[in-house]
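Q: Here it is, the structure in full.
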2 protein chains.
Amino acid sequence: MKIPVVRQILSANDQIAMENRAAFDAAGVFVLNLMASPGAGKTSVILATVDRLPQGVRAGVVEGDVASSIDADTVAARGLPVVQINTGGSCHLDAPMIHSALPHLPLNELDLLFIENVGNLICPADFALGSNLNVVIASVPEGHDKPYKYPGMFAAATVVLVNKFDLQEVFDFDLDYFRRGVAMVNPDAPVMPVSCRSGAGMDTWVAWLVQRVARRERGKD
Amino acid sequence: MKIPVVRQILSANDQIAMENRAAFDAAGVFVLNLMASPGAGKTSVILATVDRLPQGVRAGVVEGDVASSIDADTVAARGLPVVQINTGGSCHLDAPMIHSALPHLPLNELDLLFIENVGNLICPADFALGSNLNVVIASVPEGHDKPYKYPGMFAAATVVLVNKFDLQEVFDFDLDYFRRGVAMVNPDAPVMPVSCRSGAGMDTWVAWLVQRVARRERGKD
């Protein structure tokens, strides 16, 4: 007779992700984990989103990169509190890295925290950080076939943004084909075309985000 | 007294990569490992290169993807022998995967083999496959800061192509800044702007490639 062991054993990463989440909840901070290919526009989405937040909403940023502080410098120049994590070769952020960043963040003075993951459409999806939302950012120049080729990432998304949408025609980007690919692995995730450059779609995305934050505050998330 | 062990122990991957290389050499096939972010244009570069090869040069393709056979179908539609490797979640190709593909390739009928790695600017750089060249393909929409953020990949390159260069102005892409970033980690790698769409730069790249193949045939590589 086989005895099935049904108790879920949390991985070390998931355990620390839960601790991160508890720290965020205690401080009243809503946290987004932004995942995308290199150059899809994660930093641009953060800045364009912050520009459109309702007055009084205070945002901070964690920048994850293999190397350099280019993105953190860009964010700091906009006056936002930011912590840079250099993974030194690792292809994703993990919960312990975020845990180490916590003491360097003014959590009690923040309402929203954007965690910009390492540019990679595969590995980051496997590591919970303790965020409330997984935001996957695709971009038009990458092509409309990405959900079919990288299903794990799109399955992990709470919401999918399609950035650089002002260039849809230049790249013959087929939004319906893209949407069907996302729906195959993740029928519940909304797909929102945006352009950080033109601003198109950003109001829809920010309104959706503000609603999600409000729902969490009412205790529904 | 400590006795230093100076003998280089090859990893299992490197050992199999050497076996792959021996099989390629025996068949007289010159092999390219193409690495890039998702959507940088690896498949397009393969097809645009094949279109410009001197008459009589016979090319084959190995397509690496997390999922789907989209790229292999595209390549097969052009009449090229192609093997699809689905990594099933893994973020890179490795030497054993290529080894398993060998029996499915008509090696003795090929002069050039293009291995299209999984779209990822980090992990593939760490796994030798047995290729003669590492071709790293950046693309203009990703931005000119990629060599600074992903130094490991650019350090692993034999040659760097900058694809979608017809859109340089649309994206304010600073080629000099990009070149300086590559040179910091890899001063010897040539950096060649190309556009698969317009064809610009492709002749320079193909001429360089043909010269490298000829050099190998003269026993210098």
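Letters for chains follow the order of the structure tokens (A, B, ...), residue numbers begin at 1 for each chain, and ligand numbers begin at 1 in the order shown.
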What lies within 9 Å of Pro81 in chain B using only C-alpha atoms, ignoring chain neighbours under 4 positions off, as a short mmCIF file (atom, residue, chain, number, x, y, z; two decimals) with N, CA and C atoms, in the first residue's frame?

A:
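The result, stored in part_3.cif:
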```
data_model
loop_
_atom_site.label_atom_id
_atom_site.label_comp_id
_atom_site.auth_asym_id
_atom_site.auth_seq_id
_atom_site.Cartn_x
_atom_site.Cartn_y
_atom_site.Cartn_z
N ALA B 59 22.86 24.52 -46.15
CA ALA B 59 22.65 24.89 -44.75
C ALA B 59 21.54 24.07 -44.11
N GLY B 60 21.69 23.79 -42.81
CA GLY B 60 20.66 23.16 -42.01
C GLY B 60 20.46 23.95 -40.74
N VAL B 61 19.39 23.64 -40.00
CA VAL B 61 19.02 24.43 -38.83
C VAL B 61 18.57 23.53 -37.69
N VAL B 62 19.00 23.89 -36.47
CA VAL B 62 18.42 23.32 -35.25
C VAL B 62 17.69 24.45 -34.54
N VAL B 75 11.19 27.64 -41.03
CA VAL B 75 12.43 27.23 -41.69
C VAL B 75 12.16 26.09 -42.68
N ALA B 76 11.33 25.13 -42.26
CA ALA B 76 11.03 23.99 -43.12
C ALA B 76 10.31 24.45 -44.39
N LEU B 105 19.95 14.80 -38.21
CA LEU B 105 20.47 15.78 -39.16
C LEU B 105 21.28 15.11 -40.26
N PRO B 106 21.11 15.53 -41.53
CA PRO B 106 21.91 14.96 -42.63
C PRO B 106 23.29 15.64 -42.67
#
```

Q: Could you please write out, as an MDAnalysis selection string, every residue of chain A that DSSP assigns to helix (DSSP H, G or I)?

A: chainID A and resid 12:27 42:51 70:76 95:104 107:109 123:126 140:142 146:149 151:155 165:167 175:185 202:217

Q: Hey, list the chain A side of the contact with chain B: 7 Å cut-off, only C-alpha atoms, answer as a list in words.

A: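 Close enough to count are Ser37, Pro38, Gly39, Ala40, Asp65, Val66, Ala67, Ser68, Cys91, Asn120, Ile122, Cys123, Pro141, Glu142, Gly143, Tyr148, Lys149 and Tyr150 of chain A.
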
Q: What does the structure give for the distance between CA of Val159 in chain A and CA of Asn20 in chain A, in Å to one decimal?

A: 21.2 Å

Q: Which neighbours of Gly130 in chain B fall inside 10 Å, counting only C-alpha atoms, when residues of the same chain fewer than 5 positions from it are skipped, and could you give them as a PyMOL selection string?

A: chain B and resi 13-25+31-33+94-95+98-99

Q: Please indicate the distance in Å from CA of Ala27 in chain B to CA of Leu107 in chain B, rounded to one decimal place.

A: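 Atom-to-atom, CA of Ala27 in chain B to CA of Leu107 in chain B, that is 6.0 Å.
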
Q: May I ask for the distance between CA of Ala12 in chain B and CA of Gln84 in chain B, given in Å to one decimal place?

A: 22.9 Å

Q: Using only C-alpha atoms, which residues sit within 10 Å of Pro193 in chain A once same-chain residues fewer than 4 positions away are excluded, as a PyMOL selection string?

A: chain A and resi 137-140+160-166+168+175+200-202+204-205

Q: Write a file of the just-selected residues containing C-alpha atoms, as a PDB file, in the first residue's frame.

A:
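Output saved as selection38.pdb:
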```
ATOM      1  CA  ILE A 137       5.261  43.119 -20.355  1.00  0.00           C
ATOM      2  CA  ALA A 138       5.500  41.956 -23.946  1.00  0.00           C
ATOM      3  CA  SER A 139       6.487  44.436 -26.637  1.00  0.00           C
ATOM      4  CA  VAL A 140       5.439  44.737 -30.258  1.00  0.00           C
ATOM      5  CA  VAL A 160      -0.199  41.285 -19.655  1.00  0.00           C
ATOM      6  CA  LEU A 161       0.821  44.653 -21.109  1.00  0.00           C
ATOM      7  CA  VAL A 162       1.786  44.892 -24.791  1.00  0.00           C
ATOM      8  CA  ASN A 163       4.174  47.839 -24.896  1.00  0.00           C
ATOM      9  CA  LYS A 164       5.397  49.892 -27.906  1.00  0.00           C
ATOM     10  CA  PHE A 165       1.943  49.452 -29.384  1.00  0.00           C
ATOM     11  CA  ASP A 166       2.372  52.686 -31.372  1.00  0.00           C
ATOM     12  CA  GLN A 168       1.898  47.847 -34.287  1.00  0.00           C
ATOM     13  CA  LEU A 175      -3.013  41.433 -31.432  1.00  0.00           C
ATOM     14  CA  ALA A 200      -1.889  55.344 -25.465  1.00  0.00           C
ATOM     15  CA  GLY A 201      -3.540  52.734 -23.248  1.00  0.00           C
ATOM     16  CA  MET A 202      -1.763  53.899 -20.108  1.00  0.00           C
ATOM     17  CA  THR A 204      -6.740  52.040 -18.921  1.00  0.00           C
ATOM     18  CA  TRP A 205      -3.853  50.151 -17.339  1.00  0.00           C
TER      19      TRP A 205
END
```

Q: May I have the residues within 10 Å of range 215-219 of chain A as a list of chain:residue names, using only C-alpha atoms and disregarding those fewer than 3 positions away in the same chain?

A: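 In the requested format, the answer is A:Asp25, A:Gly28, A:Val29, A:Phe30, A:Asn132, A:Leu209, A:Val210, A:Gln211, A:Arg212.
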
Q: Keeping only N, CA and C atoms, write those residues as a PDB file, in the first residue's frame.

A:
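Generated output (out25.pdb):
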```pdb
ATOM      1  N   ASP A  25       2.460  43.519   3.522  1.00  0.00           N
ATOM      2  CA  ASP A  25       1.095  43.695   4.026  1.00  0.00           C
ATOM      3  C   ASP A  25       1.090  44.543   5.298  1.00  0.00           C
ATOM      4  N   GLY A  28       1.386  47.984   4.524  1.00  0.00           N
ATOM      5  CA  GLY A  28       0.353  48.507   3.619  1.00  0.00           C
ATOM      6  C   GLY A  28       0.873  48.827   2.228  1.00  0.00           C
ATOM      7  N   VAL A  29       1.844  48.051   1.777  1.00  0.00           N
ATOM      8  CA  VAL A  29       2.421  48.290   0.441  1.00  0.00           C
ATOM      9  C   VAL A  29       1.902  47.237  -0.538  1.00  0.00           C
ATOM     10  N   PHE A  30       1.431  47.687  -1.679  1.00  0.00           N
ATOM     11  CA  PHE A  30       0.983  46.799  -2.746  1.00  0.00           C
ATOM     12  C   PHE A  30       2.149  46.617  -3.719  1.00  0.00           C
ATOM     13  N   ASN A 132       1.937  41.136  -4.999  1.00  0.00           N
ATOM     14  CA  ASN A 132       0.497  40.974  -5.154  1.00  0.00           C
ATOM     15  C   ASN A 132       0.116  40.669  -6.596  1.00  0.00           C
ATOM     16  N   LEU A 209      -5.055  49.053 -12.405  1.00  0.00           N
ATOM     17  CA  LEU A 209      -4.144  48.851 -11.282  1.00  0.00           C
ATOM     18  C   LEU A 209      -4.693  49.479 -10.004  1.00  0.00           C
ATOM     19  N   VAL A 210      -5.196  50.709 -10.136  1.00  0.00           N
ATOM     20  CA  VAL A 210      -5.724  51.419  -8.957  1.00  0.00           C
ATOM     21  C   VAL A 210      -6.908  50.639  -8.376  1.00  0.00           C
ATOM     22  N   GLN A 211      -7.716  50.065  -9.255  1.00  0.00           N
ATOM     23  CA  GLN A 211      -8.850  49.257  -8.803  1.00  0.00           C
ATOM     24  C   GLN A 211      -8.373  48.003  -8.051  1.00  0.00           C
ATOM     25  N   ARG A 212      -7.314  47.367  -8.561  1.00  0.00           N
ATOM     26  CA  ARG A 212      -6.766  46.191  -7.880  1.00  0.00           C
ATOM     27  C   ARG A 212      -6.239  46.556  -6.492  1.00  0.00           C
TER      28      ARG A 212
END
```

Q: For the structure I just gave you, how does DSSP split range 16-190 of chain A - specifically, which residues are strand (DSSP E or B)? Reply as a short mmCIF file (atom, residue, chain, number, x, y, z; two decimals) with C-alpha atoms, in the first residue's frame.

A:
```
data_model
loop_
_atom_site.label_atom_id
_atom_site.label_comp_id
_atom_site.auth_asym_id
_atom_site.auth_seq_id
_atom_site.Cartn_x
_atom_site.Cartn_y
_atom_site.Cartn_z
CA PHE A 30 0.98 46.80 -2.75
CA VAL A 31 3.71 45.08 -4.77
CA LEU A 32 4.09 44.45 -8.52
CA ASN A 33 6.59 41.99 -9.99
CA LEU A 34 7.35 43.20 -13.54
CA MET A 35 8.71 40.51 -15.86
CA ALA A 36 9.68 40.84 -19.53
CA ALA A 59 5.78 54.61 -5.19
CA GLY A 60 9.16 52.95 -4.77
CA VAL A 61 11.18 50.68 -7.02
CA VAL A 62 13.48 47.66 -6.77
CA GLU A 63 15.64 47.27 -9.87
CA GLY A 64 16.92 43.79 -10.71
CA ASP A 65 19.74 43.47 -13.23
CA VAL A 82 15.03 52.85 -5.46
CA VAL A 83 17.18 49.87 -4.51
CA GLN A 84 19.36 48.20 -7.13
CA ILE A 85 19.92 44.45 -6.93
CA ASN A 86 22.73 43.15 -9.14
CA LEU A 112 3.14 50.86 -4.22
CA LEU A 113 6.38 49.00 -4.85
CA PHE A 114 7.48 48.09 -8.38
CA ILE A 115 9.95 45.22 -8.56
CA GLU A 116 11.63 45.19 -11.96
CA LEU A 133 0.59 41.03 -8.95
CA ASN A 134 2.71 39.53 -11.72
CA VAL A 135 2.83 42.01 -14.57
CA VAL A 136 4.23 40.51 -17.78
CA ILE A 137 5.26 43.12 -20.36
CA ALA A 138 5.50 41.96 -23.95
CA SER A 139 6.49 44.44 -26.64
CA VAL A 159 -2.01 40.94 -16.31
CA VAL A 160 -0.20 41.29 -19.66
CA LEU A 161 0.82 44.65 -21.11
CA VAL A 162 1.79 44.89 -24.79
CA ASN A 163 4.17 47.84 -24.90
#
```
